[in-house]
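Here the structure comes first, spelled out in structure tokens, and everything after it is commentary.
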Amino acid sequence: MDIKKVMNNLTKRGFKPFYFESRKEALDFILDTIPQNASVGMGGSMTVKELDLDNMLYKRGNTIYSHSLVAPEQRQNVYQLAGSADWYVSSTNALSEQGDFVNIDGSANRISALAFGVKNILYVLGANKIAPDLASAIDRARNIAAPPNAKRLNKNTPCATSGQCSLCDSDDCICNATLISHHPTRYQENVYVVIIGETLGY
Ligand code: SF4
């Protein structure tokens, strides 16, 4: 994978890509880019957790809307607040080398926020999330990202035990809706893409 080519493709699509070899440089950049007084929505990204980015933003004074910080009965309310925050921070299930972001959700809170309602989006991802083309990116989201997530979330889905997607119709399915983002959408002002030269998340 040629990271310069990926960056050029993202720029052509209207995204603002940045590449960092290490998470330390990436975190410095993210903390400088998101204003300290901004509200920040988040989904349940393992990459964000691994980077401890949610805690870093919270500790320095940002208002964080994340379901991981509230009781289950408050989740829907937090999803709505996150979807209208000043910023939304997310990883991605996959990114094609041409610049397509693929994300699959069970509740669609994350993909809704990534599509509409938040003016400033910041994707942060390890280089392991980059796939050669859109078809491989969709395959990655289904077969590499979703099964360990289903297992982690204790879902009663075939992939939680087999490790492979069987396109289930389970009540516990975490793949109810897919978003493919080709460009920033109409009302988005900044869509940053922070790629880190490390393996992060699923
Ligand atoms: S088996 Fe179901 S929950 Fe698991 S990855 Fe496939 S569609 Fe998603």
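Residue numbers start at 1 in each chain; chains themselves are named A, B, ... in the order of the structure tokens; ligands are numbered from 1 in the order shown.
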
Would you mind writing down, as a PyMOL selection string, each residue of chain A that DSSP on the backbone assigns to helix (DSSP H, G or I)? chain A and resi 3-12+23-33+46-51+53-59+67-69+72-82+109-115+127-129+134-152+158-162

Requested write-out: C-alpha atoms of the selected residues, as an mmCIF file, in the first residue's frame:
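Once written, part-v2.cif looks like this:
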data_model
loop_
_atom_site.group_PDB
_atom_site.id
_atom_site.type_symbol
_atom_site.label_atom_id
_atom_site.label_comp_id
_atom_site.auth_asym_id
_atom_site.auth_seq_id
_atom_site.Cartn_x
_atom_site.Cartn_y
_atom_site.Cartn_z
ATOM 1 C CA ILE A 3 0.278 5.797 1.724
ATOM 2 C CA LYS A 4 1.093 8.873 -0.395
ATOM 3 C CA LYS A 5 -1.344 7.673 -3.043
ATOM 4 C CA VAL A 6 -4.022 7.099 -0.407
ATOM 5 C CA MET A 7 -3.459 10.617 0.963
ATOM 6 C CA ASN A 8 -3.685 12.121 -2.538
ATOM 7 C CA ASN A 9 -6.899 10.230 -3.232
ATOM 8 C CA LEU A 10 -8.416 11.429 0.054
ATOM 9 C CA THR A 11 -7.451 15.028 -0.740
ATOM 10 C CA LYS A 12 -9.041 14.754 -4.208
ATOM 11 C CA ARG A 23 0.184 7.448 17.962
ATOM 12 C CA LYS A 24 2.002 10.067 20.062
ATOM 13 C CA GLU A 25 2.352 12.475 17.105
ATOM 14 C CA ALA A 26 -1.217 11.743 16.023
ATOM 15 C CA LEU A 27 -2.609 12.454 19.491
ATOM 16 C CA ASP A 28 -0.712 15.757 19.686
ATOM 17 C CA PHE A 29 -2.235 16.738 16.341
ATOM 18 C CA ILE A 30 -5.782 15.706 17.331
ATOM 19 C CA LEU A 31 -5.619 17.535 20.669
ATOM 20 C CA ASP A 32 -4.372 20.670 18.880
ATOM 21 C CA THR A 33 -7.050 20.440 16.182
ATOM 22 C CA MET A 46 -11.829 0.431 19.985
ATOM 23 C CA THR A 47 -9.215 2.596 18.257
ATOM 24 C CA VAL A 48 -10.338 5.631 20.290
ATOM 25 C CA LYS A 49 -10.197 3.489 23.452
ATOM 26 C CA GLU A 50 -6.737 2.111 22.627
ATOM 27 C CA LEU A 51 -5.497 5.666 22.121
ATOM 28 C CA LEU A 53 -8.465 9.702 23.328
ATOM 29 C CA ASP A 54 -11.886 9.886 25.020
ATOM 30 C CA ASN A 55 -10.270 10.276 28.462
ATOM 31 C CA MET A 56 -7.696 12.784 27.193
ATOM 32 C CA LEU A 57 -10.395 15.016 25.720
ATOM 33 C CA TYR A 58 -12.612 14.652 28.783
ATOM 34 C CA LYS A 59 -9.827 15.420 31.267
ATOM 35 C CA HIS A 67 -22.649 5.849 25.391
ATOM 36 C CA SER A 68 -19.731 4.234 27.238
ATOM 37 C CA LEU A 69 -20.009 6.983 29.859
ATOM 38 C CA PRO A 72 -27.975 1.886 29.209
ATOM 39 C CA GLU A 73 -31.304 3.744 29.607
ATOM 40 C CA GLN A 74 -29.579 7.036 28.704
ATOM 41 C CA ARG A 75 -27.992 5.718 25.521
ATOM 42 C CA GLN A 76 -30.527 6.940 22.985
ATOM 43 C CA ASN A 77 -30.372 10.434 24.413
ATOM 44 C CA VAL A 78 -26.570 10.426 24.243
ATOM 45 C CA TYR A 79 -26.664 9.133 20.658
ATOM 46 C CA GLN A 80 -28.773 12.165 19.730
ATOM 47 C CA LEU A 81 -26.490 14.590 21.562
ATOM 48 C CA ALA A 82 -23.449 12.982 19.910
ATOM 49 C CA ASN A 109 -25.999 6.020 15.707
ATOM 50 C CA ARG A 110 -22.408 6.249 14.460
ATOM 51 C CA ILE A 111 -23.153 6.146 10.740
ATOM 52 C CA SER A 112 -25.938 8.714 11.175
ATOM 53 C CA ALA A 113 -23.525 11.133 12.852
ATOM 54 C CA LEU A 114 -20.868 10.460 10.209
ATOM 55 C CA ALA A 115 -23.369 11.279 7.445
ATOM 56 C CA ALA A 127 -3.049 1.705 8.638
ATOM 57 C CA ASN A 128 -4.403 -1.836 9.152
ATOM 58 C CA LYS A 129 -7.877 -0.499 8.225
ATOM 59 C CA LEU A 134 -14.158 -0.754 -2.126
ATOM 60 C CA ALA A 135 -15.140 -4.436 -2.415
ATOM 61 C CA SER A 136 -12.250 -5.427 -0.112
ATOM 62 C CA ALA A 137 -13.176 -2.619 2.277
ATOM 63 C CA ILE A 138 -16.756 -3.946 2.545
ATOM 64 C CA ASP A 139 -15.370 -7.441 3.026
ATOM 65 C CA ARG A 140 -13.024 -6.157 5.726
ATOM 66 C CA ALA A 141 -15.906 -4.486 7.578
ATOM 67 C CA ARG A 142 -17.935 -7.729 7.506
ATOM 68 C CA ASN A 143 -15.266 -10.342 8.048
ATOM 69 C CA ILE A 144 -12.464 -8.660 9.982
ATOM 70 C CA ALA A 145 -14.083 -5.843 11.958
ATOM 71 C CA ALA A 146 -17.556 -7.169 12.815
ATOM 72 C CA PRO A 147 -16.878 -10.685 14.208
ATOM 73 C CA PRO A 148 -14.515 -9.608 17.032
ATOM 74 C CA ASN A 149 -16.863 -6.726 17.828
ATOM 75 C CA ALA A 150 -19.827 -9.123 18.064
ATOM 76 C CA LYS A 151 -17.751 -11.344 20.363
ATOM 77 C CA ARG A 152 -16.614 -8.397 22.529
ATOM 78 C CA PRO A 158 -22.903 -16.834 14.305
ATOM 79 C CA CYS A 159 -19.770 -14.724 13.722
ATOM 80 C CA ALA A 160 -19.153 -14.316 17.456
ATOM 81 C CA THR A 161 -18.204 -18.002 17.557
ATOM 82 C CA SER A 162 -17.094 -18.747 13.967
#

Could you name the residues that touch Asp133 (chain A) at 8 Å or less, counting only C-alpha atoms, but leaving out those on the same chain fewer than 6 positions away, as a ChimeraX atom specification? /A:96-98

Any chance you can output those residues with C-alpha atoms as a CSV table (one decimal), in the first residue's frame?
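Contents of the output file result.csv:
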chain,number,residue,atom,x,y,z
A,96,SER,CA,-10.4,1.9,0.5
A,97,GLU,CA,-7.2,3.1,-1.1
A,98,GLN,CA,-9.4,5.2,-3.4

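Nearest residue to Tyr187 (chain A) among A:Leu200, A:Val124, A:Gly117, A:Val40 is A:Gly117, counting only C-alpha atoms.
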
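Note that CA of Ser107 (chain A) and CA of Asn190 (chain A) are 24.7 Å apart.
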
Gly41 (chain A): which residues within 8 Å, counting only C-alpha atoms, same-chain residues fewer than 4 positions away excluded, as a PyMOL selection string? chain A and resi 64-66+81-89

Set the distance at 8 Å and use only C-alpha atoms: which residues neighbour Phe18 (chain A) once local chain neighbours fewer than 2 positions away are removed? I'd like the list as a ChimeraX atom specification. /A:7,16,20,192-195

Can you list, as a PyMOL selection string, every residue of chain A that DSSP puts in strand (DSSP E)? chain A and resi 16-20+39-42+63-65+87-90+94-96+101-105+120-126+130-131+177-181+190-196

For the residues selected in the previous step, produce a file with C-alpha atoms as a tab-separated table (two decimals), in the first residue's frame.
chain	number	residue	atom	x	y	z
A	16	LYS	CA	-8.22	16.50	5.00
A	17	PRO	CA	-5.80	13.63	5.49
A	18	PHE	CA	-2.79	13.53	7.83
A	19	TYR	CA	-0.38	10.65	8.32
A	20	PHE	CA	1.69	10.01	11.46
A	39	SER	CA	-18.44	19.18	22.48
A	40	VAL	CA	-17.37	15.85	21.00
A	41	GLY	CA	-19.57	12.91	20.06
A	42	MET	CA	-18.20	9.38	19.82
A	63	THR	CA	-17.82	17.78	26.79
A	64	ILE	CA	-17.98	14.16	25.64
A	65	TYR	CA	-21.13	12.42	24.40
A	87	TRP	CA	-17.22	17.41	16.53
A	88	TYR	CA	-17.59	13.68	16.01
A	89	VAL	CA	-14.58	11.40	16.47
A	90	SER	CA	-14.64	7.91	15.03
A	94	ALA	CA	-12.40	0.12	6.60
A	95	LEU	CA	-11.02	2.68	4.16
A	96	SER	CA	-10.38	1.87	0.51
A	101	PHE	CA	-15.00	4.89	4.17
A	102	VAL	CA	-17.06	1.81	5.01
A	103	ASN	CA	-18.92	1.59	8.30
A	104	ILE	CA	-21.53	-0.92	9.44
A	105	ASP	CA	-23.70	-0.41	12.53
A	120	ASN	CA	-16.55	18.62	12.02
A	121	ILE	CA	-15.66	14.97	11.70
A	122	LEU	CA	-12.36	13.41	12.66
A	123	TYR	CA	-11.64	9.85	11.56
A	124	VAL	CA	-8.68	8.25	13.28
A	125	LEU	CA	-7.44	4.89	12.10
A	126	GLY	CA	-4.52	2.53	12.05
A	130	ILE	CA	-6.85	0.35	4.65
A	131	ALA	CA	-8.08	-2.07	1.97
A	177	ALA	CA	-27.04	-0.63	8.16
A	178	THR	CA	-23.99	0.24	6.05
A	179	LEU	CA	-22.63	3.70	5.21
A	180	ILE	CA	-20.13	4.23	2.39
A	181	SER	CA	-18.75	7.78	2.48
A	190	ASN	CA	-14.11	19.73	7.94
A	191	VAL	CA	-13.56	16.02	7.64
A	192	TYR	CA	-10.11	15.19	8.98
A	193	VAL	CA	-8.59	11.78	8.42
A	194	VAL	CA	-5.77	10.90	10.81
A	195	ILE	CA	-3.96	7.76	9.69
A	196	ILE	CA	-1.44	6.20	12.08
